[in-house]
Every structure is written in structure tokens, then in C-alpha cells.
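*Asks:* Take this structure first; my questions come after.
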2 protein chains.
Amino acid sequence: MKDHLHLNEQLCFPVYVFAKEIINQYRPLLDELELTYPQYLVMLVLWEQDKQTVNQLGEKLKLDSGTLTPLLKRMEQKEFVSRVRSTIDERSVNISLTEKGKSLREQAQAIPQKMVASMGISTEDLESLKNIIHKITNTRK
Amino acid sequence: MKDHLHLNEQLCFPVYVFAKEIINQYRPLLDELELTYPQYLVMLVLWEQDKQTVNQLGEKLKLDSGTLTPLLKRMEQKEFVSRVRSTIDERSVNISLTEKGKSLREQAQAIPQKMVASMGISTEDLESLKNIIHKITNTRK
DNA sequence: TTCATATAAATTGCGCACAATATAATTGTG
DNA sequence: CACAATTATATTGTGCGCAATTTATATGAA
């Protein structure tokens, strides 16, 4: 009667390690922009649509206010975003890009290609991984 | 000329979210054993082979002493492991299972199946995901 | 209108994760 | 043997990530 309590049998461990590796691959690229990986994700979301509430960011990035509030304060200090409480609904805080935040986008252009290159994953593997994770995470909801 | 700075185009974001989801799925199961996910990984490694140095654990789990030292101290406080400096090489610290740590293995037996069940992933998807991540992370070294 | 309920952020507290540095023991080379 | 270089762990500091709680505002039903 075999059990399954072995590290290398786990699905979860490889995913956990892979996720950390990705973030570590990003680090040198993002250091140049003075961004961390989660901060970079916030920028991606804001570059697509400026001015969003903390709540909207949190839903898209799957992060709660306990993570976002201090993170966004750090981004405000670095002058990438502004945090302004909404006048319409004073419970909400609007996060908007500053000019510095908008212009950072140009510097970030090169990142996706650099990442693909530095990870050394073939385009096919990358596609199939993307597909399967997409399938799994969406089937589940 | 299209750029690639869009959240949903990224490979990395789905992997990052999926890894977090996995850990969150583990949480209620591991709470019962008074373990966090990284601590559970340490237990898996020690259940396979008792008495390992911090270094050996770190290599298997891809974690450094800055992470492991405090984590292992917490596990020591909960009396799952002992930390004893090696007499042969006094730079090393041997991490061994206590009786409580050994017996915890029985309580953990049910976890892998519960996880597979609660994640709602088909066995095939699970296998192919495991394979592709394995392929990617091993090709790369 | 009033008051319970819901919602949005912020706060607190804990545990990683990792870079950088420090400390101490060991090893290798002349 | 001496001593520089290496190795193993610990420490410090910063930044998530999340549970639990708090504070403030808004909403909805009686």
C-alpha cells in the first residue's frame, strides 16, 4: 500500500518552484525600472486602463487590500501612481498613473521578449503550458 | 506594431496565480497539522530521509538559509524537528524529525488525495501539466 | 428617516522569499 | 604550519501574501 507523500511526486512543488523562478528571472529586468514583480503587474493593468480602484486592481491581480494598500503606497512614493479617494464614493481610492508612470511603459517594452529569451523555453512549450494552465484555472471556477 | 505589455498575454501571471491558488487550497488541510506549505515541504523531504543539513534541505526545496533558518526554528518550537549542530563539521546544522514529527506523517497521508479532489483537475490534465513543467524546468539547467 | 447590513480600504500580525552581509569553521595551497 | 579562500549557517532589512480586525462610507428595508 503505497502513499503519495513524496516531494517529486507532487504537482504542486514544481509549480511553486517554477513561479519563484519566473519572478527571479524578472528581477534584474525590473530592477532597472525600480519595480518589483507585483508592482509590474499593477503597471500592466494600469497601462491597459488608467484610473482604477484598489478593488478593481485586486480582482484582476487576485490580491487583497492587505497586500495592495502598502504596495501602492510604495508605488506612490516612487511617483509611478497617485492615490486619490473618490469623491463619488468616498470608500473607494482611485489609482492613476502619473506622467512618470505612463512614460515607464516605453522602458518596459523590451521586457516580454527578454523574458522569453532568458527563460529558454520554446514557443511551443510556452504555448502549451499557457493553454493547460488556462484550461485548469478556468474549468475550476 | 503591437507590443506585449498585457496581463492576459503573459505566461508568468497565470503561473504566479496558480501557484498561489495551490497554496491556498493546501491551507485548510495543513492548518489541521499546524503546518504552513513550506513547512510541509520540509516534512516531505525529512519523511523521505531523516537527518539532513540545512544546506541539503535548501538544495532540494530551492530555499536559502535566510528563509530556512527562521522557518526551521518555528518548526523546532512546534517540536516537529530538532536542530543540532554537527560535531563532525560544526558549520553544519542537522535537522531531524522528532517523534511528534514522525507520527505526523500518518495524519498527512490523506492530504494528496484531498488535494487532487479539491482542485478539481482531471488526472490527465494533472499529468500533462506535471510533464510540461518538468520538461521546462529541467531543459533549462 | 433610521438603523442594520454591506462594502472599500486600511491596519495588524505572522510567515515566507531573497539580497546582502556577518560570523564561524574548514579546506587547500604554498 | 600559516593563511587566504571557501563553505555553512545566521542575521538584517525589504517586500509581498493573506487572515482577521477596524474604520468609514454607502445602501436598503422597515
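By convention in this document, the chains of the C-alpha cells carry letters A, B, ... by their order, each chain's residues are numbered from 1, and ligands are numbered from 1 in the order they are shown.
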Show me, as a PyMOL selection string, every residue of chain C with an atom at most 12 Å from chain B, counting only C-alpha atoms (C1' of nucleotides).
*Replies:* chain C and resi 14-21+23-27
*Asks:* Against chain B, which residues of chain D fall within 10 Å? For each one I want the closest pair of atoms and the distance in Å (one decimal), counting only C-alpha atoms (C1' of nucleotides), rows by chain and increasing residue number, as a Markdown table.
*Replies:*
| residue | atom | partner | partner_atom | distance |
| --- | --- | --- | --- | --- |
| D:DT7 | C1' | B:Arg91 | CA | 8.1 |
| D:DA8 | C1' | B:Arg91 | CA | 4.9 |
| D:DT9 | C1' | B:Arg91 | CA | 6.6 |
| D:DA10 | C1' | B:Thr69 | CA | 7.3 |
| D:DT11 | C1' | B:Gly66 | CA | 8.1 |
| D:DT12 | C1' | B:Gly66 | CA | 9.7 |
| D:DG17 | C1' | B:Lys20 | CA | 8.8 |
| D:DC18 | C1' | B:Asn24 | CA | 9.2 |
*Asks:* Please check the contacts: residues of chain A at most 8 Å away from chain B, using only C-alpha atoms, listed as a compact mmCIF listing (two decimals) with all heavy atoms, in the first residue's frame.
*Replies:*
# COMPACT_ATOMS: atom_id res chain seq x y z
N ASP A 3 1.99 5.18 -0.32
CA ASP A 3 1.42 6.50 -0.09
C ASP A 3 2.00 7.49 -1.10
O ASP A 3 2.78 7.14 -1.96
CB ASP A 3 1.67 6.95 1.35
CG ASP A 3 3.14 7.16 1.62
OD1 ASP A 3 3.78 7.91 0.87
OD2 ASP A 3 3.64 6.57 2.59
N HIS A 4 1.58 8.73 -1.00
CA HIS A 4 1.95 9.72 -2.01
C HIS A 4 2.67 10.91 -1.40
O HIS A 4 2.68 11.99 -1.98
CB HIS A 4 0.71 10.17 -2.77
CG HIS A 4 -0.01 9.03 -3.42
ND1 HIS A 4 0.41 8.51 -4.62
CD2 HIS A 4 -1.07 8.29 -3.03
CE1 HIS A 4 -0.39 7.51 -4.94
NE2 HIS A 4 -1.29 7.35 -4.00
N LEU A 5 3.27 10.68 -0.26
CA LEU A 5 3.92 11.78 0.44
C LEU A 5 5.38 11.92 0.01
O LEU A 5 6.30 11.81 0.82
CB LEU A 5 3.83 11.58 1.95
CG LEU A 5 2.42 11.73 2.53
CD1 LEU A 5 2.40 11.33 3.99
CD2 LEU A 5 1.94 13.15 2.37
N HIS A 6 5.58 12.14 -1.28
CA HIS A 6 6.94 12.29 -1.77
C HIS A 6 7.04 13.54 -2.64
O HIS A 6 6.23 13.77 -3.53
CB HIS A 6 7.37 11.05 -2.54
CG HIS A 6 7.29 9.81 -1.71
ND1 HIS A 6 8.26 9.49 -0.79
CD2 HIS A 6 6.35 8.86 -1.62
CE1 HIS A 6 7.92 8.36 -0.18
NE2 HIS A 6 6.76 7.96 -0.66
N LEU A 7 8.06 14.31 -2.35
CA LEU A 7 8.22 15.63 -2.98
C LEU A 7 8.11 15.56 -4.49
O LEU A 7 7.40 16.35 -5.11
CB LEU A 7 9.58 16.21 -2.56
CG LEU A 7 9.86 17.64 -3.00
CD1 LEU A 7 8.85 18.60 -2.42
CD2 LEU A 7 11.27 18.03 -2.62
N LEU A 11 2.48 17.58 -7.75
CA LEU A 11 2.31 18.57 -8.80
C LEU A 11 2.73 19.92 -8.29
O LEU A 11 3.36 20.71 -8.96
CB LEU A 11 0.83 18.65 -9.21
CG LEU A 11 0.47 19.96 -9.93
CD1 LEU A 11 1.15 20.01 -11.28
CD2 LEU A 11 -1.01 20.10 -10.06
N CYS A 12 2.37 20.14 -7.05
CA CYS A 12 2.35 21.49 -6.53
C CYS A 12 3.75 22.05 -6.36
O CYS A 12 3.99 23.23 -6.60
CB CYS A 12 1.61 21.48 -5.21
SG CYS A 12 0.06 20.58 -5.38
N PRO A 14 6.59 21.52 -8.18
CA PRO A 14 7.15 22.10 -9.40
C PRO A 14 6.52 23.44 -9.79
O PRO A 14 7.21 24.35 -10.24
CB PRO A 14 6.86 21.05 -10.47
CG PRO A 14 6.72 19.78 -9.73
CD PRO A 14 6.15 20.14 -8.40
N VAL A 15 5.22 23.55 -9.59
CA VAL A 15 4.56 24.82 -9.93
C VAL A 15 5.06 25.93 -9.02
O VAL A 15 5.37 27.04 -9.49
CB VAL A 15 3.02 24.69 -9.79
CG1 VAL A 15 2.35 26.04 -10.02
CG2 VAL A 15 2.49 23.66 -10.77
N TYR A 16 5.17 25.61 -7.74
CA TYR A 16 5.66 26.57 -6.74
C TYR A 16 7.08 27.02 -7.07
O TYR A 16 7.40 28.22 -7.05
CB TYR A 16 5.56 25.89 -5.37
CG TYR A 16 6.44 26.35 -4.25
CD1 TYR A 16 6.12 27.47 -3.48
CD2 TYR A 16 7.60 25.64 -3.91
CE1 TYR A 16 6.92 27.85 -2.42
CE2 TYR A 16 8.40 26.02 -2.85
CZ TYR A 16 8.07 27.13 -2.10
OH TYR A 16 8.86 27.51 -1.06
N VAL A 17 7.94 26.07 -7.43
CA VAL A 17 9.33 26.41 -7.77
C VAL A 17 9.38 27.21 -9.07
O VAL A 17 10.11 28.19 -9.17
CB VAL A 17 10.20 25.14 -7.89
CG1 VAL A 17 11.58 25.48 -8.44
CG2 VAL A 17 10.33 24.46 -6.54
N PHE A 18 8.60 26.78 -10.04
CA PHE A 18 8.59 27.46 -11.33
C PHE A 18 8.14 28.92 -11.19
O PHE A 18 8.75 29.83 -11.76
CB PHE A 18 7.68 26.71 -12.31
CG PHE A 18 7.72 27.22 -13.72
CD1 PHE A 18 8.92 27.55 -14.33
CD2 PHE A 18 6.54 27.36 -14.44
CE1 PHE A 18 8.95 28.01 -15.65
CE2 PHE A 18 6.57 27.82 -15.76
CZ PHE A 18 7.78 28.15 -16.35
N ALA A 19 7.12 29.14 -10.39
CA ALA A 19 6.62 30.50 -10.17
C ALA A 19 7.70 31.38 -9.55
O ALA A 19 7.90 32.52 -9.96
CB ALA A 19 5.38 30.48 -9.29
N ILE A 22 10.37 32.19 -12.20
CA ILE A 22 9.93 33.24 -13.12
C ILE A 22 10.18 34.62 -12.50
O ILE A 22 10.77 35.50 -13.12
CB ILE A 22 8.44 33.08 -13.44
CG1 ILE A 22 8.23 31.86 -14.34
CG2 ILE A 22 7.89 34.33 -14.11
CD1 ILE A 22 6.76 31.53 -14.60
N LEU A 41 3.01 44.03 -12.31
CA LEU A 41 1.65 43.58 -12.65
C LEU A 41 0.65 44.73 -12.53
O LEU A 41 -0.21 44.91 -13.39
CB LEU A 41 1.23 42.41 -11.76
CG LEU A 41 2.02 41.11 -11.92
CD1 LEU A 41 1.50 40.06 -10.95
CD2 LEU A 41 1.97 40.59 -13.35
N LEU A 44 1.06 46.90 -15.51
CA LEU A 44 0.45 46.29 -16.70
C LEU A 44 -1.04 46.59 -16.74
O LEU A 44 -1.59 46.98 -17.78
CB LEU A 44 0.65 44.77 -16.70
CG LEU A 44 2.03 44.23 -17.07
CD1 LEU A 44 2.00 42.71 -17.06
CD2 LEU A 44 2.48 44.73 -18.43
N VAL A 45 -1.69 46.40 -15.59
CA VAL A 45 -3.13 46.62 -15.52
C VAL A 45 -3.47 48.08 -15.76
O VAL A 45 -4.43 48.41 -16.46
CB VAL A 45 -3.67 46.13 -14.16
CG1 VAL A 45 -5.13 46.53 -13.99
CG2 VAL A 45 -3.52 44.62 -14.04
N GLU A 48 -3.12 49.25 -19.35
CA GLU A 48 -4.26 48.86 -20.19
C GLU A 48 -5.45 49.76 -19.96
O GLU A 48 -6.20 50.07 -20.87
CB GLU A 48 -4.64 47.40 -19.91
CG GLU A 48 -3.60 46.42 -20.43
CD GLU A 48 -4.16 45.03 -20.62
OE1 GLU A 48 -5.22 44.89 -21.24
OE2 GLU A 48 -3.52 44.07 -20.11
N LYS A 62 -5.86 39.28 -8.23
CA LYS A 62 -6.10 38.33 -7.15
C LYS A 62 -5.30 38.69 -5.90
O LYS A 62 -4.60 37.84 -5.32
CB LYS A 62 -5.75 36.89 -7.58
CG LYS A 62 -6.23 36.49 -8.96
CD LYS A 62 -7.72 36.32 -9.02
CE LYS A 62 -8.18 35.89 -10.41
NZ LYS A 62 -9.62 36.08 -10.58
N ALA A 108 9.57 49.55 -20.57
CA ALA A 108 9.14 48.18 -20.29
C ALA A 108 8.91 47.37 -21.56
O ALA A 108 8.82 46.14 -21.51
CB ALA A 108 7.86 48.20 -19.44
N GLN A 109 8.84 48.05 -22.68
CA GLN A 109 8.56 47.38 -23.96
C GLN A 109 9.41 46.15 -24.20
O GLN A 109 8.94 45.14 -24.72
CB GLN A 109 8.76 48.35 -25.13
CG GLN A 109 7.72 49.45 -25.25
CD GLN A 109 6.37 48.94 -25.72
OE1 GLN A 109 6.25 47.80 -26.14
NE2 GLN A 109 5.35 49.79 -25.62
N PRO A 112 9.02 41.70 -22.25
CA PRO A 112 8.46 40.39 -22.62
C PRO A 112 9.40 39.56 -23.49
O PRO A 112 9.58 38.37 -23.23
CB PRO A 112 7.17 40.77 -23.37
CG PRO A 112 6.76 42.06 -22.77
CD PRO A 112 8.04 42.79 -22.50
N MET A 119 14.35 32.80 -20.48
CA MET A 119 13.81 31.57 -19.89
C MET A 119 14.20 30.36 -20.70
O MET A 119 14.18 29.24 -20.19
CB MET A 119 12.29 31.65 -19.75
CG MET A 119 11.84 32.84 -18.92
SD MET A 119 10.56 32.44 -17.73
CE MET A 119 9.46 31.46 -18.68
N GLY A 120 14.53 30.58 -21.95
CA GLY A 120 14.98 29.46 -22.77
C GLY A 120 13.91 28.40 -22.94
O GLY A 120 14.19 27.21 -22.89
N ILE A 121 12.67 28.83 -23.12
CA ILE A 121 11.58 27.90 -23.37
C ILE A 121 11.17 28.05 -24.83
O ILE A 121 11.08 29.17 -25.33
CB ILE A 121 10.35 28.21 -22.47
CG1 ILE A 121 10.76 28.14 -21.00
CG2 ILE A 121 9.21 27.26 -22.76
CD1 ILE A 121 9.63 28.47 -20.06
N ASP A 125 6.36 24.96 -26.23
CA ASP A 125 6.20 24.62 -24.81
C ASP A 125 5.49 25.73 -24.08
O ASP A 125 4.61 25.50 -23.25
CB ASP A 125 7.57 24.37 -24.16
CG ASP A 125 8.15 23.02 -24.58
OD1 ASP A 125 7.45 22.27 -25.29
OD2 ASP A 125 9.29 22.73 -24.20
N LEU A 126 5.89 26.94 -24.41
CA LEU A 126 5.30 28.10 -23.75
C LEU A 126 3.80 28.16 -24.03
O LEU A 126 3.00 28.38 -23.12
CB LEU A 126 5.99 29.35 -24.28
CG LEU A 126 5.97 30.60 -23.40
CD1 LEU A 126 7.23 31.42 -23.66
CD2 LEU A 126 4.75 31.44 -23.68
N LEU A 129 1.95 25.25 -22.25
CA LEU A 129 1.86 25.49 -20.81
C LEU A 129 0.78 26.53 -20.52
O LEU A 129 -0.07 26.36 -19.64
CB LEU A 129 3.21 25.98 -20.28
CG LEU A 129 3.25 26.33 -18.80
CD1 LEU A 129 2.82 25.14 -17.96
CD2 LEU A 129 4.64 26.78 -18.36
N LYS A 130 0.80 27.59 -21.32
CA LYS A 130 -0.19 28.64 -21.16
C LYS A 130 -1.60 28.05 -21.31
O LYS A 130 -2.50 28.33 -20.52
CB LYS A 130 0.05 29.72 -22.21
CG LYS A 130 -0.37 31.12 -21.77
CD LYS A 130 -0.30 32.11 -22.91
CE LYS A 130 1.12 32.47 -23.32
NZ LYS A 130 1.15 33.62 -24.26
N ILE A 132 -2.69 24.91 -20.98
CA ILE A 132 -3.13 23.95 -19.96
C ILE A 132 -3.44 24.66 -18.65
O ILE A 132 -4.43 24.35 -17.98
CB ILE A 132 -2.12 22.81 -19.76
CG1 ILE A 132 -2.78 21.70 -18.94
CG2 ILE A 132 -0.86 23.26 -19.11
CD1 ILE A 132 -2.09 20.38 -19.09
N ILE A 133 -2.62 25.65 -18.30
CA ILE A 133 -2.90 26.38 -17.06
C ILE A 133 -4.19 27.17 -17.22
O ILE A 133 -5.01 27.23 -16.30
CB ILE A 133 -1.73 27.31 -16.69
CG1 ILE A 133 -0.55 26.47 -16.20
CG2 ILE A 133 -2.15 28.31 -15.61
CD1 ILE A 133 0.49 27.23 -15.46
N HIS A 134 -4.37 27.73 -18.39
CA HIS A 134 -5.60 28.46 -18.66
C HIS A 134 -6.81 27.53 -18.52
O HIS A 134 -7.80 27.86 -17.88
CB HIS A 134 -5.56 29.06 -20.06
CG HIS A 134 -6.70 30.00 -20.34
ND1 HIS A 134 -7.86 29.60 -20.95
CD2 HIS A 134 -6.86 31.30 -20.04
CE1 HIS A 134 -8.67 30.62 -21.04
NE2 HIS A 134 -8.10 31.67 -20.50
N ILE A 136 -7.04 24.69 -16.85
CA ILE A 136 -7.23 24.28 -15.46
C ILE A 136 -7.85 25.37 -14.62
O ILE A 136 -8.85 25.17 -13.93
CB ILE A 136 -5.87 23.85 -14.84
CG1 ILE A 136 -5.43 22.52 -15.41
CG2 ILE A 136 -5.98 23.78 -13.33
CD1 ILE A 136 -4.04 22.12 -15.01
N THR A 137 -7.26 26.58 -14.67
CA THR A 137 -7.73 27.63 -13.78
C THR A 137 -9.12 28.10 -14.17
O THR A 137 -9.85 28.64 -13.34
CB THR A 137 -6.75 28.83 -13.76
OG1 THR A 137 -6.39 29.15 -15.10
CG2 THR A 137 -5.50 28.49 -12.98
N ARG A 140 -12.07 25.37 -13.29
CA ARG A 140 -12.28 25.18 -11.85
C ARG A 140 -13.32 26.13 -11.25
O ARG A 140 -13.89 25.82 -10.21
CB ARG A 140 -10.95 25.35 -11.15
CG ARG A 140 -10.83 24.59 -9.88
CD ARG A 140 -9.58 23.74 -9.94
NE ARG A 140 -8.48 24.54 -10.46
CZ ARG A 140 -7.94 25.56 -9.84
NH1 ARG A 140 -8.38 25.91 -8.65
NH2 ARG A 140 -6.95 26.22 -10.37
*Asks:* Could you name the residues that touch DA4 (chain D) at 12 Å or less, counting only C-alpha atoms (C1' of nucleotides), but leaving out those on the same chain fewer than 4 positions away, as a ChimeraX atom specification?
*Replies:* /C:27-30
*Asks:* May I have the selected residues written with N, CA and C atoms (P, O5', C5', C4', C3', O3' and C1' of nucleotides), as an mmCIF file, in the first residue's frame?
*Replies:*
data_model
loop_
_atom_site.group_PDB
_atom_site.id
_atom_site.type_symbol
_atom_site.label_atom_id
_atom_site.label_comp_id
_atom_site.auth_asym_id
_atom_site.auth_seq_id
_atom_site.Cartn_x
_atom_site.Cartn_y
_atom_site.Cartn_z
ATOM 1 P P DT C 27 37.251 19.981 6.321
ATOM 2 O "O5'" DT C 27 37.930 20.644 5.042
ATOM 3 C "C5'" DT C 27 37.135 21.398 4.138
ATOM 4 C "C4'" DT C 27 38.037 22.070 3.115
ATOM 5 C "C3'" DT C 27 39.250 21.238 2.696
ATOM 6 O "O3'" DT C 27 39.332 21.254 1.282
ATOM 7 C "C1'" DT C 27 39.941 23.382 3.410
ATOM 8 P P DG C 28 40.254 20.251 0.494
ATOM 9 O "O5'" DG C 28 41.159 21.273 -0.321
ATOM 10 C "C5'" DG C 28 40.607 22.491 -0.779
ATOM 11 C "C4'" DG C 28 41.733 23.440 -1.145
ATOM 12 C "C3'" DG C 28 42.977 22.771 -1.723
ATOM 13 O "O3'" DG C 28 43.521 23.635 -2.698
ATOM 14 C "C1'" DG C 28 43.564 23.937 0.235
ATOM 15 P P DT C 29 44.550 23.047 -3.795
ATOM 16 O "O5'" DT C 29 45.726 24.112 -3.706
ATOM 17 C "C5'" DT C 29 45.409 25.476 -3.400
ATOM 18 C "C4'" DT C 29 46.655 26.205 -2.946
ATOM 19 C "C3'" DT C 29 47.976 25.575 -3.411
ATOM 20 O "O3'" DT C 29 48.848 26.595 -3.849
ATOM 21 C "C1'" DT C 29 47.988 25.803 -1.070
ATOM 22 P P DG C 30 50.151 26.120 -4.633
ATOM 23 O "O5'" DG C 30 51.282 26.900 -3.829
ATOM 24 C "C5'" DG C 30 51.143 28.294 -3.580
ATOM 25 C "C4'" DG C 30 51.936 28.688 -2.347
ATOM 26 C "C3'" DG C 30 53.428 28.361 -2.429
ATOM 27 O "O3'" DG C 30 54.169 29.460 -1.929
ATOM 28 C "C1'" DG C 30 52.494 27.332 -0.516
#
*Asks:* May I ask for the distance between C1' of DT25 (chain D) and C1' of DT5 (chain C), given in Å to one decimal place?
*Replies:*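 Between these atoms lies a distance of 12.5 Å.
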*Asks:* Considering only C-alpha atoms (C1' of nucleotides), return as a VMD selection string whatever protein or nucleic-acid residues lie within 12 Å of Gln77 (chain B), sequence-local ones (same chain, fewer than 5 positions apart) excluded.
*Replies:* chain B and resid 34 70 to 72 82 to 83 98 100 to 101
*Asks:* Enumerate as a PyMOL selection string all residues of region 3-98 of chain A assigned to alpha helix (DSSP H) by DSSP on the backbone, naming them with the chain letters and numbers the document uses.
*Replies:* chain A and resi 12-31+37-48+54-61+65-77
*Asks:* Just the number, please: distance in Å from CA of Gly58 (chain A) to CA of Leu33 (chain A), one decimal.
*Replies:*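 CA of Gly58 (chain A) sits 22.2 Å away from CA of Leu33 (chain A).
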*Asks:* Give me, as a list in words, the residues of chain B that a backbone DSSP run labels strand (DSSP E).
*Replies:* Gln52, Thr53, Val81, Ser82, Arg83, Val84, Arg85, Val93, Asn94, Ile95, Ser96 and Leu97 of chain B
